[in-house]
Amino acid sequence: MEYISTRGSAQALDFEGVTLAGLASDGGLYVPREWPRFTAAQIADMRGLSYVELAVRVMLPFVTPSLTEDELRDLCTRAYGRFAHEAVTPLTQFDQQHWLLELFHGPTLAFKDVALQLLGRLFEHFLQKNQDHLTIVGATSGDTGSAAIDAVAGRERVDIFMLHPKGRVSDVQRRQMTTVRAPNVHNIAIEGSFDDAQAMVKRMFVDDAMTGRFRISAVNSINWARLMAQVVYYFAAALQLGAPDRKVAFSVPTGNFGDVFAGYVAAQMGLPIERLIVATNINDILYRALTTGDYSAGTVTPTAAPSMDIQVSSNFERLLFDCGGRDGKALAEQMRGFEASKAMQLTNAQREGAAALFTSVRADGDDMVRAMAWAAENCGEVIDPHTAIGLHGARNCGIDPSVPIVTLATAHPAKFPDAVERATGMRPHLPSRIGNLFDRQEAVVELPGDYDAVASFVAERATPSS
Ligand SMILES: Cc1ncc(COP(=O)(O)O)c(C=O)c1O
Ligand SMILES: N[C@@H](CCOP(=O)(O)O)C(=O)O
């Protein structure tokens, strides 16, 4: 498989190249040159496979020829062996129409583990082969950070610099990052929002002074390998609900548009998906873009679902590219305009392309609380605030009651105990595998929301590429 940049001018790369590159050198995001497609018979043949075997079937077309099937199987076996549930991403039923896809059984209790446990091993595999070293720079609104740190802590060939917005992640999320004591892990709390952190990370990829000295890569969903691994659980859920003979809808709590874009990829690969519901909180740039065509970033408002407090959604660029006729030059111009003014209007082709599969539902704080309370009272399920926004989307999207709707449960409720207790009166407890999180010492550096300060911090500590 060959990968091309959404902005049209970076070199095309193979899977190994895009995994190690993260963001394309022209500032764009890598996408496969074409979508691999399964027939209905091939999808039917996936029924009953273990999660690892399903992952191999779904991902093999993307990784060939950089990895052999056996290498991919070995990496998946080790990655998913760390999950606390045998099914890796089990599906539970709420009621006749609604289902919950539990994506929080990994080591750090959020859906990010599904991709990052694999990505950490992919990095190690390729770096070992090339005898090289990687400098990972990432931005997190809470969950990517801990999942990425868990995946690479202590690994010899990787340094990780993780930026989070100071005071805007939950205590559990922060501690899951800052209590990991390994020489290659650097936690940075910056003044500002997740968007500010993400903008600094993206700038580093096009800063010659940094890319000339360090091999910089990404653990955010700008890295194609992240999305690829997330495609698998759409297949896993849909197959259990009757795919390919029956269509399924998914409601996805959305921030950076990575998780729901993985659903779009599954649809392009032939999985029959009725609709993808883009569920947002009040930081609703995606809701506005998908309902009116207005993609303009307001200021980020902190909410009880902090991981979705995002107003510039990286992966939306991948959708705009695919729906807008895959014209890299035109998209580069459109994105340059957005970067300058923080506003843009979708073209008709982009709007129509997106409308064919996506519906968006916005939830405010009360909607979120009601959804958590409904799940607890009617189904005995304690869900986290992000999942609640997804459930609100699922219950208010107007899809025919005969179509099953799967809400993606993106985090364990114990990551947000205060918000869950306020909504349900129940205080969720951390699973024992998380250990004594609140007794451990934290290590974190505070920096201003200033690119030069962050770049110098990284440059002074990172290992140059060989
Ligand atoms: C718990 C949780 N739910 C939902 C999201 C949104 O996912 P995405 O950014 O892939 O849209 C995030 C962060 O990204 C998250 O951490
Ligand atoms: N919600 C995320 C934000 C980053 O998203 P990513 O999927 O692009 O890594 C987080 O928890 O950090």
# chains A, B, ... in the order shown; residues from 1 in each chain; ligands from 1
>>> select_by_dssp(residues="range 64-111 of chain A", states="strand (DSSP E or B)", output="PDB file with C-alpha atoms, in the first residue's frame")
ATOM      1  CA  LEU A  91     -20.226  -5.405  22.974  1.00  0.00           C
ATOM      2  CA  THR A  92     -23.046  -5.077  25.503  1.00  0.00           C
ATOM      3  CA  GLN A  93     -26.729  -4.431  24.918  1.00  0.00           C
ATOM      4  CA  HIS A  98     -28.855   0.433  21.515  1.00  0.00           C
ATOM      5  CA  TRP A  99     -25.527  -1.266  22.094  1.00  0.00           C
ATOM      6  CA  LEU A 100     -22.330  -0.228  23.816  1.00  0.00           C
ATOM      7  CA  LEU A 101     -18.900  -1.067  22.417  1.00  0.00           C
ATOM      8  CA  GLU A 102     -16.553  -1.097  25.409  1.00  0.00           C
ATOM      9  CA  ALA A 110      -9.559   4.502  27.112  1.00  0.00           C
TER      10      ALA A 110
END
>>> closest_atom_pairs(of="chain A", to="ligand 2", cutoff="6 Å", atoms="only C-alpha atoms and all ligand atoms", output="tab-separated table")
residue	atom	partner	partner_atom_place_in_ligand_line	distance
A:Thr140	CA	ligand 2	12 (O)	3.2
A:Ser141	CA	ligand 2	12 (O)	3.9
A:Gly142	CA	ligand 2	11 (O)	4.1
A:Asp143	CA	ligand 2	11 (O)	3.3
A:Thr144	CA	ligand 2	12 (O)	3.8
A:Gly145	CA	ligand 2	12 (O)	5.6
A:Asn220	CA	ligand 2	9 (O)	3.4
A:Ser221	CA	ligand 2	8 (O)	3.8
A:Asn256	CA	ligand 2	5 (O)	5.3
A:Gly258	CA	ligand 2	7 (O)	5.5
A:Ser307	CA	ligand 2	1 (N)	4.0
A:Met308	CA	ligand 2	1 (N)	5.5
>>> write_last_selection(atoms="N, CA and C atoms", output="compact mmCIF listing (two decimals), in the first residue's frame")
# COMPACT_ATOMS: atom_id res chain seq x y z
N THR A 140 -2.19 16.11 24.11
CA THR A 140 -3.29 15.32 24.66
C THR A 140 -4.27 16.18 25.44
N SER A 141 -5.53 15.84 25.26
CA SER A 141 -6.55 16.44 26.12
C SER A 141 -6.86 15.46 27.25
N GLY A 142 -6.03 14.44 27.40
CA GLY A 142 -6.15 13.57 28.58
C GLY A 142 -5.88 12.10 28.34
N ASP A 143 -6.35 11.54 27.25
CA ASP A 143 -6.28 10.09 27.10
C ASP A 143 -5.16 9.60 26.20
N THR A 144 -4.92 10.30 25.10
CA THR A 144 -3.82 9.88 24.22
C THR A 144 -2.51 9.87 24.99
N GLY A 145 -2.33 10.86 25.85
CA GLY A 145 -1.07 11.00 26.58
C GLY A 145 -0.74 9.76 27.39
N ASN A 220 -0.40 10.95 18.02
CA ASN A 220 -1.79 11.41 17.84
C ASN A 220 -2.37 10.78 16.58
N SER A 221 -3.67 10.99 16.40
CA SER A 221 -4.31 10.33 15.27
C SER A 221 -3.96 10.97 13.94
N ASN A 256 -11.17 15.00 17.86
CA ASN A 256 -10.19 15.20 16.79
C ASN A 256 -10.59 14.49 15.50
N GLY A 258 -10.77 11.42 14.80
CA GLY A 258 -10.00 10.24 14.45
C GLY A 258 -10.84 8.98 14.53
N SER A 307 -11.72 15.47 27.28
CA SER A 307 -10.98 14.93 26.15
C SER A 307 -11.57 15.38 24.82
N MET A 308 -12.81 15.85 24.85
CA MET A 308 -13.45 16.32 23.61
C MET A 308 -13.47 17.84 23.52
>>> closest_atom_pairs(of="chain A", to="ligand 1", cutoff="10 Å", atoms="only C-alpha atoms and all ligand atoms", output="JSON lines")
{"residue": "A:Leu103", "atom": "CA", "partner": "ligand 1", "partner_atom_place_in_ligand_line": "1 (C)", "distance": 9.5}
{"residue": "A:Phe104", "atom": "CA", "partner": "ligand 1", "partner_atom_place_in_ligand_line": "1 (C)", "distance": 8.9}
{"residue": "A:Leu109", "atom": "CA", "partner": "ligand 1", "partner_atom_place_in_ligand_line": "1 (C)", "distance": 8.9}
{"residue": "A:Ala110", "atom": "CA", "partner": "ligand 1", "partner_atom_place_in_ligand_line": "1 (C)", "distance": 6.0}
{"residue": "A:Phe111", "atom": "CA", "partner": "ligand 1", "partner_atom_place_in_ligand_line": "1 (C)", "distance": 7.0}
{"residue": "A:Lys112", "atom": "CA", "partner": "ligand 1", "partner_atom_place_in_ligand_line": "16 (O)", "distance": 7.1}
{"residue": "A:Thr140", "atom": "CA", "partner": "ligand 1", "partner_atom_place_in_ligand_line": "13 (C)", "distance": 8.0}
{"residue": "A:Ser141", "atom": "CA", "partner": "ligand 1", "partner_atom_place_in_ligand_line": "13 (C)", "distance": 6.8}
{"residue": "A:Gly142", "atom": "CA", "partner": "ligand 1", "partner_atom_place_in_ligand_line": "16 (O)", "distance": 6.2}
{"residue": "A:Asp143", "atom": "CA", "partner": "ligand 1", "partner_atom_place_in_ligand_line": "16 (O)", "distance": 4.6}
{"residue": "A:Thr144", "atom": "CA", "partner": "ligand 1", "partner_atom_place_in_ligand_line": "16 (O)", "distance": 6.5}
{"residue": "A:Gly145", "atom": "CA", "partner": "ligand 1", "partner_atom_place_in_ligand_line": "16 (O)", "distance": 9.4}
{"residue": "A:Ala147", "atom": "CA", "partner": "ligand 1", "partner_atom_place_in_ligand_line": "16 (O)", "distance": 9.9}
{"residue": "A:Gln173", "atom": "CA", "partner": "ligand 1", "partner_atom_place_in_ligand_line": "16 (O)", "distance": 9.7}
{"residue": "A:Asn220", "atom": "CA", "partner": "ligand 1", "partner_atom_place_in_ligand_line": "14 (O)", "distance": 8.8}
{"residue": "A:Ser221", "atom": "CA", "partner": "ligand 1", "partner_atom_place_in_ligand_line": "10 (O)", "distance": 7.1}
{"residue": "A:Arg226", "atom": "CA", "partner": "ligand 1", "partner_atom_place_in_ligand_line": "10 (O)", "distance": 9.6}
{"residue": "A:Leu227", "atom": "CA", "partner": "ligand 1", "partner_atom_place_in_ligand_line": "10 (O)", "distance": 8.6}
{"residue": "A:Gln230", "atom": "CA", "partner": "ligand 1", "partner_atom_place_in_ligand_line": "10 (O)", "distance": 9.3}
{"residue": "A:Val252", "atom": "CA", "partner": "ligand 1", "partner_atom_place_in_ligand_line": "4 (C)", "distance": 7.4}
{"residue": "A:Pro253", "atom": "CA", "partner": "ligand 1", "partner_atom_place_in_ligand_line": "4 (C)", "distance": 4.8}
{"residue": "A:Thr254", "atom": "CA", "partner": "ligand 1", "partner_atom_place_in_ligand_line": "11 (O)", "distance": 3.5}
{"residue": "A:Gly255", "atom": "CA", "partner": "ligand 1", "partner_atom_place_in_ligand_line": "11 (O)", "distance": 3.7}
{"residue": "A:Asn256", "atom": "CA", "partner": "ligand 1", "partner_atom_place_in_ligand_line": "9 (O)", "distance": 3.4}
{"residue": "A:Phe257", "atom": "CA", "partner": "ligand 1", "partner_atom_place_in_ligand_line": "11 (O)", "distance": 3.7}
{"residue": "A:Gly258", "atom": "CA", "partner": "ligand 1", "partner_atom_place_in_ligand_line": "10 (O)", "distance": 3.6}
{"residue": "A:Asp259", "atom": "CA", "partner": "ligand 1", "partner_atom_place_in_ligand_line": "10 (O)", "distance": 3.8}
{"residue": "A:Val260", "atom": "CA", "partner": "ligand 1", "partner_atom_place_in_ligand_line": "11 (O)", "distance": 6.2}
{"residue": "A:Phe261", "atom": "CA", "partner": "ligand 1", "partner_atom_place_in_ligand_line": "10 (O)", "distance": 7.8}
{"residue": "A:Ala262", "atom": "CA", "partner": "ligand 1", "partner_atom_place_in_ligand_line": "10 (O)", "distance": 8.5}
{"residue": "A:Val278", "atom": "CA", "partner": "ligand 1", "partner_atom_place_in_ligand_line": "11 (O)", "distance": 8.5}
{"residue": "A:Ala279", "atom": "CA", "partner": "ligand 1", "partner_atom_place_in_ligand_line": "11 (O)", "distance": 9.0}
{"residue": "A:Thr280", "atom": "CA", "partner": "ligand 1", "partner_atom_place_in_ligand_line": "6 (C)", "distance": 8.7}
{"residue": "A:Leu286", "atom": "CA", "partner": "ligand 1", "partner_atom_place_in_ligand_line": "11 (O)", "distance": 9.8}
{"residue": "A:Ala305", "atom": "CA", "partner": "ligand 1", "partner_atom_place_in_ligand_line": "1 (C)", "distance": 7.6}
{"residue": "A:Pro306", "atom": "CA", "partner": "ligand 1", "partner_atom_place_in_ligand_line": "16 (O)", "distance": 7.9}
{"residue": "A:Ser307", "atom": "CA", "partner": "ligand 1", "partner_atom_place_in_ligand_line": "16 (O)", "distance": 4.5}
{"residue": "A:Met308", "atom": "CA", "partner": "ligand 1", "partner_atom_place_in_ligand_line": "5 (C)", "distance": 5.3}
{"residue": "A:Asp309", "atom": "CA", "partner": "ligand 1", "partner_atom_place_in_ligand_line": "13 (C)", "distance": 8.6}
{"residue": "A:Ile310", "atom": "CA", "partner": "ligand 1", "partner_atom_place_in_ligand_line": "9 (O)", "distance": 8.1}
{"residue": "A:Ser313", "atom": "CA", "partner": "ligand 1", "partner_atom_place_in_ligand_line": "9 (O)", "distance": 7.4}
{"residue": "A:Ser314", "atom": "CA", "partner": "ligand 1", "partner_atom_place_in_ligand_line": "9 (O)", "distance": 8.4}
{"residue": "A:Asn315", "atom": "CA", "partner": "ligand 1", "partner_atom_place_in_ligand_line": "11 (O)", "distance": 8.2}
{"residue": "A:Phe316", "atom": "CA", "partner": "ligand 1", "partner_atom_place_in_ligand_line": "11 (O)", "distance": 9.5}
{"residue": "A:Asp384", "atom": "CA", "partner": "ligand 1", "partner_atom_place_in_ligand_line": "1 (C)", "distance": 7.9}
{"residue": "A:Pro385", "atom": "CA", "partner": "ligand 1", "partner_atom_place_in_ligand_line": "1 (C)", "distance": 8.0}
{"residue": "A:His386", "atom": "CA", "partner": "ligand 1", "partner_atom_place_in_ligand_line": "3 (N)", "distance": 5.0}
{"residue": "A:Thr387", "atom": "CA", "partner": "ligand 1", "partner_atom_place_in_ligand_line": "3 (N)", "distance": 6.7}
{"residue": "A:Ala388", "atom": "CA", "partner": "ligand 1", "partner_atom_place_in_ligand_line": "3 (N)", "distance": 9.7}
{"residue": "A:Ile389", "atom": "CA", "partner": "ligand 1", "partner_atom_place_in_ligand_line": "3 (N)", "distance": 9.0}
{"residue": "A:Gly390", "atom": "CA", "partner": "ligand 1", "partner_atom_place_in_ligand_line": "4 (C)", "distance": 8.6}
{"residue": "A:Leu408", "atom": "CA", "partner": "ligand 1", "partner_atom_place_in_ligand_line": "3 (N)", "distance": 8.5}
{"residue": "A:Ala409", "atom": "CA", "partner": "ligand 1", "partner_atom_place_in_ligand_line": "3 (N)", "distance": 7.6}
{"residue": "A:Thr410", "atom": "CA", "partner": "ligand 1", "partner_atom_place_in_ligand_line": "1 (C)", "distance": 4.6}
{"residue": "A:Ala411", "atom": "CA", "partner": "ligand 1", "partner_atom_place_in_ligand_line": "1 (C)", "distance": 4.5}
{"residue": "A:His412", "atom": "CA", "partner": "ligand 1", "partner_atom_place_in_ligand_line": "1 (C)", "distance": 8.0}
{"residue": "A:Pro413", "atom": "CA", "partner": "ligand 1", "partner_atom_place_in_ligand_line": "1 (C)", "distance": 9.4}
{"residue": "A:Lys415", "atom": "CA", "partner": "ligand 1", "partner_atom_place_in_ligand_line": "1 (C)", "distance": 8.9}
{"residue": "A:Phe416", "atom": "CA", "partner": "ligand 1", "partner_atom_place_in_ligand_line": "1 (C)", "distance": 9.7}
>>> write_last_selection(atoms="C-alpha atoms", output="PDB file, in the first residue's frame")
ATOM      1  CA  LEU A 103     -13.220   0.231  24.266  1.00  0.00           C
ATOM      2  CA  PHE A 104     -11.717   0.816  27.700  1.00  0.00           C
ATOM      3  CA  LEU A 109      -8.776   2.672  30.367  1.00  0.00           C
ATOM      4  CA  ALA A 110      -9.559   4.502  27.112  1.00  0.00           C
ATOM      5  CA  PHE A 111     -10.036   3.584  23.453  1.00  0.00           C
ATOM      6  CA  LYS A 112      -6.613   5.003  22.679  1.00  0.00           C
ATOM      7  CA  THR A 140      -3.285  15.321  24.655  1.00  0.00           C
ATOM      8  CA  SER A 141      -6.551  16.444  26.123  1.00  0.00           C
ATOM      9  CA  GLY A 142      -6.145  13.570  28.577  1.00  0.00           C
ATOM     10  CA  ASP A 143      -6.281  10.087  27.102  1.00  0.00           C
ATOM     11  CA  THR A 144      -3.820   9.876  24.220  1.00  0.00           C
ATOM     12  CA  GLY A 145      -1.071  10.996  26.582  1.00  0.00           C
ATOM     13  CA  ALA A 147      -1.967   5.526  26.436  1.00  0.00           C
ATOM     14  CA  GLN A 173      -5.828  11.401  33.492  1.00  0.00           C
ATOM     15  CA  ASN A 220      -1.792  11.414  17.837  1.00  0.00           C
ATOM     16  CA  SER A 221      -4.312  10.329  15.274  1.00  0.00           C
ATOM     17  CA  ARG A 226      -3.546   5.044  14.857  1.00  0.00           C
ATOM     18  CA  LEU A 227      -6.620   5.167  12.639  1.00  0.00           C
ATOM     19  CA  GLN A 230      -9.255   1.687  15.193  1.00  0.00           C
ATOM     20  CA  VAL A 252     -19.030   8.234  18.200  1.00  0.00           C
ATOM     21  CA  PRO A 253     -18.113  10.839  20.814  1.00  0.00           C
ATOM     22  CA  THR A 254     -15.893  13.047  18.712  1.00  0.00           C
ATOM     23  CA  GLY A 255     -13.094  15.568  19.195  1.00  0.00           C
ATOM     24  CA  ASN A 256     -10.186  15.196  16.794  1.00  0.00           C
ATOM     25  CA  PHE A 257     -12.355  13.226  14.310  1.00  0.00           C
ATOM     26  CA  GLY A 258     -10.000  10.237  14.453  1.00  0.00           C
ATOM     27  CA  ASP A 259     -12.282   7.595  15.889  1.00  0.00           C
ATOM     28  CA  VAL A 260     -15.215   8.400  13.650  1.00  0.00           C
ATOM     29  CA  PHE A 261     -12.951   8.689  10.597  1.00  0.00           C
ATOM     30  CA  ALA A 262     -11.882   5.101  11.318  1.00  0.00           C
ATOM     31  CA  VAL A 278     -20.657  12.528  15.094  1.00  0.00           C
ATOM     32  CA  ALA A 279     -21.524  13.295  18.711  1.00  0.00           C
ATOM     33  CA  THR A 280     -19.998  16.521  20.025  1.00  0.00           C
ATOM     34  CA  LEU A 286     -17.838  19.515  13.783  1.00  0.00           C
ATOM     35  CA  ALA A 305     -15.884  15.717  28.975  1.00  0.00           C
ATOM     36  CA  PRO A 306     -12.414  17.308  28.731  1.00  0.00           C
ATOM     37  CA  SER A 307     -10.976  14.925  26.148  1.00  0.00           C
ATOM     38  CA  MET A 308     -13.449  16.322  23.609  1.00  0.00           C
ATOM     39  CA  ASP A 309     -12.682  19.974  24.342  1.00  0.00           C
ATOM     40  CA  ILE A 310     -11.283  20.471  20.866  1.00  0.00           C
ATOM     41  CA  SER A 313     -10.219  18.555  14.511  1.00  0.00           C
ATOM     42  CA  SER A 314      -7.126  17.221  12.794  1.00  0.00           C
ATOM     43  CA  ASN A 315      -8.645  14.316  10.932  1.00  0.00           C
ATOM     44  CA  PHE A 316     -11.437  16.335   9.390  1.00  0.00           C
ATOM     45  CA  ASP A 384     -18.300   8.118  31.430  1.00  0.00           C
ATOM     46  CA  PRO A 385     -19.138  11.670  30.258  1.00  0.00           C
ATOM     47  CA  HIS A 386     -17.699  11.150  26.751  1.00  0.00           C
ATOM     48  CA  THR A 387     -19.649   7.947  26.219  1.00  0.00           C
ATOM     49  CA  ALA A 388     -22.727   9.784  27.497  1.00  0.00           C
ATOM     50  CA  ILE A 389     -22.380  12.327  24.700  1.00  0.00           C
ATOM     51  CA  GLY A 390     -22.233   9.432  22.248  1.00  0.00           C
ATOM     52  CA  LEU A 408     -18.591   3.743  21.300  1.00  0.00           C
ATOM     53  CA  ALA A 409     -17.717   3.697  25.019  1.00  0.00           C
ATOM     54  CA  THR A 410     -14.437   5.536  24.743  1.00  0.00           C
ATOM     55  CA  ALA A 411     -13.340   5.725  28.370  1.00  0.00           C
ATOM     56  CA  HIS A 412     -13.833   3.952  31.686  1.00  0.00           C
ATOM     57  CA  PRO A 413     -16.070   5.968  34.024  1.00  0.00           C
ATOM     58  CA  LYS A 415     -11.312   8.293  34.783  1.00  0.00           C
ATOM     59  CA  PHE A 416     -13.926  10.956  35.574  1.00  0.00           C
TER      60      PHE A 416
END
>>> atom_distance(atom1="CA of Arg57 in chain A", atom2="CA of Met269 in chain A")
11.8 Å
>>> closest_residue(among="A:Pro302, A:Gly449, A:Gly325, A:Gly365", to="Ala423 in chain A", atoms="only C-alpha atoms")
A:Gly365
>>> closest_residue(among="A:Gln311, A:Gln441, A:Thr463, A:Gln268", to="Thr39 in chain A", atoms="only C-alpha atoms")
A:Gln268
>>> residues_around(residues="Ala340 in chain A", least_positions_apart="5", cutoff="12 Å", atoms="only C-alpha atoms", output="JSON, numbers by chain")
{"A": [296, 297, 333, 334, 335]}
>>> closest_residue(among="A:Arg433, A:Arg351, A:Arg318, A:Arg275", to="Ala394 in chain A", atoms="only C-alpha atoms")
A:Arg275
>>> residues_around(residues="Val158 in chain A", least_positions_apart="3", cutoff="6 Å", atoms="only C-alpha atoms", output="list in words")
His133, Leu134, Thr135 and Arg155 of chain A
>>> closest_residue(among="A:Cys323, A:Leu122, A:Met177, A:Ala349", to="Asp150 in chain A", atoms="only C-alpha atoms")
A:Met177
>>> atom_distance(atom1="CA of Ser402 in chain A", atom2="CA of Leu241 in chain A")
12.1 Å
>>> residues_around(residues="Val382 in chain A", least_positions_apart="3", cutoff="10 Å", atoms="only C-alpha atoms", output="ChimeraX atom specification")
/A:372-377,379,385,387-388,412-414,420-421,423-424,426-428
>>> write_last_selection(atoms="C-alpha atoms", output="mmCIF file, in the first residue's frame")
data_model
loop_
_atom_site.group_PDB
_atom_site.id
_atom_site.type_symbol
_atom_site.label_atom_id
_atom_site.label_comp_id
_atom_site.auth_asym_id
_atom_site.auth_seq_id
_atom_site.Cartn_x
_atom_site.Cartn_y
_atom_site.Cartn_z
ATOM 1 C CA MET A 372 -25.453 9.158 32.204
ATOM 2 C CA ALA A 373 -28.493 9.024 34.477
ATOM 3 C CA TRP A 374 -30.584 7.177 31.835
ATOM 4 C CA ALA A 375 -27.885 4.529 31.370
ATOM 5 C CA ALA A 376 -27.586 4.016 35.127
ATOM 6 C CA GLU A 377 -31.324 3.935 35.859
ATOM 7 C CA CYS A 379 -29.671 -0.310 32.046
ATOM 8 C CA PRO A 385 -19.138 11.670 30.258
ATOM 9 C CA THR A 387 -19.649 7.947 26.219
ATOM 10 C CA ALA A 388 -22.727 9.784 27.497
ATOM 11 C CA HIS A 412 -13.833 3.952 31.686
ATOM 12 C CA PRO A 413 -16.070 5.968 34.024
ATOM 13 C CA ALA A 414 -13.440 5.868 36.783
ATOM 14 C CA VAL A 420 -20.033 10.536 37.052
ATOM 15 C CA GLU A 421 -20.920 10.893 40.732
ATOM 16 C CA ALA A 423 -24.783 12.697 37.399
ATOM 17 C CA THR A 424 -25.596 9.316 38.902
ATOM 18 C CA MET A 426 -22.427 6.559 42.078
ATOM 19 C CA ARG A 427 -18.665 6.949 42.382
ATOM 20 C CA PRO A 428 -16.834 4.575 40.048
#
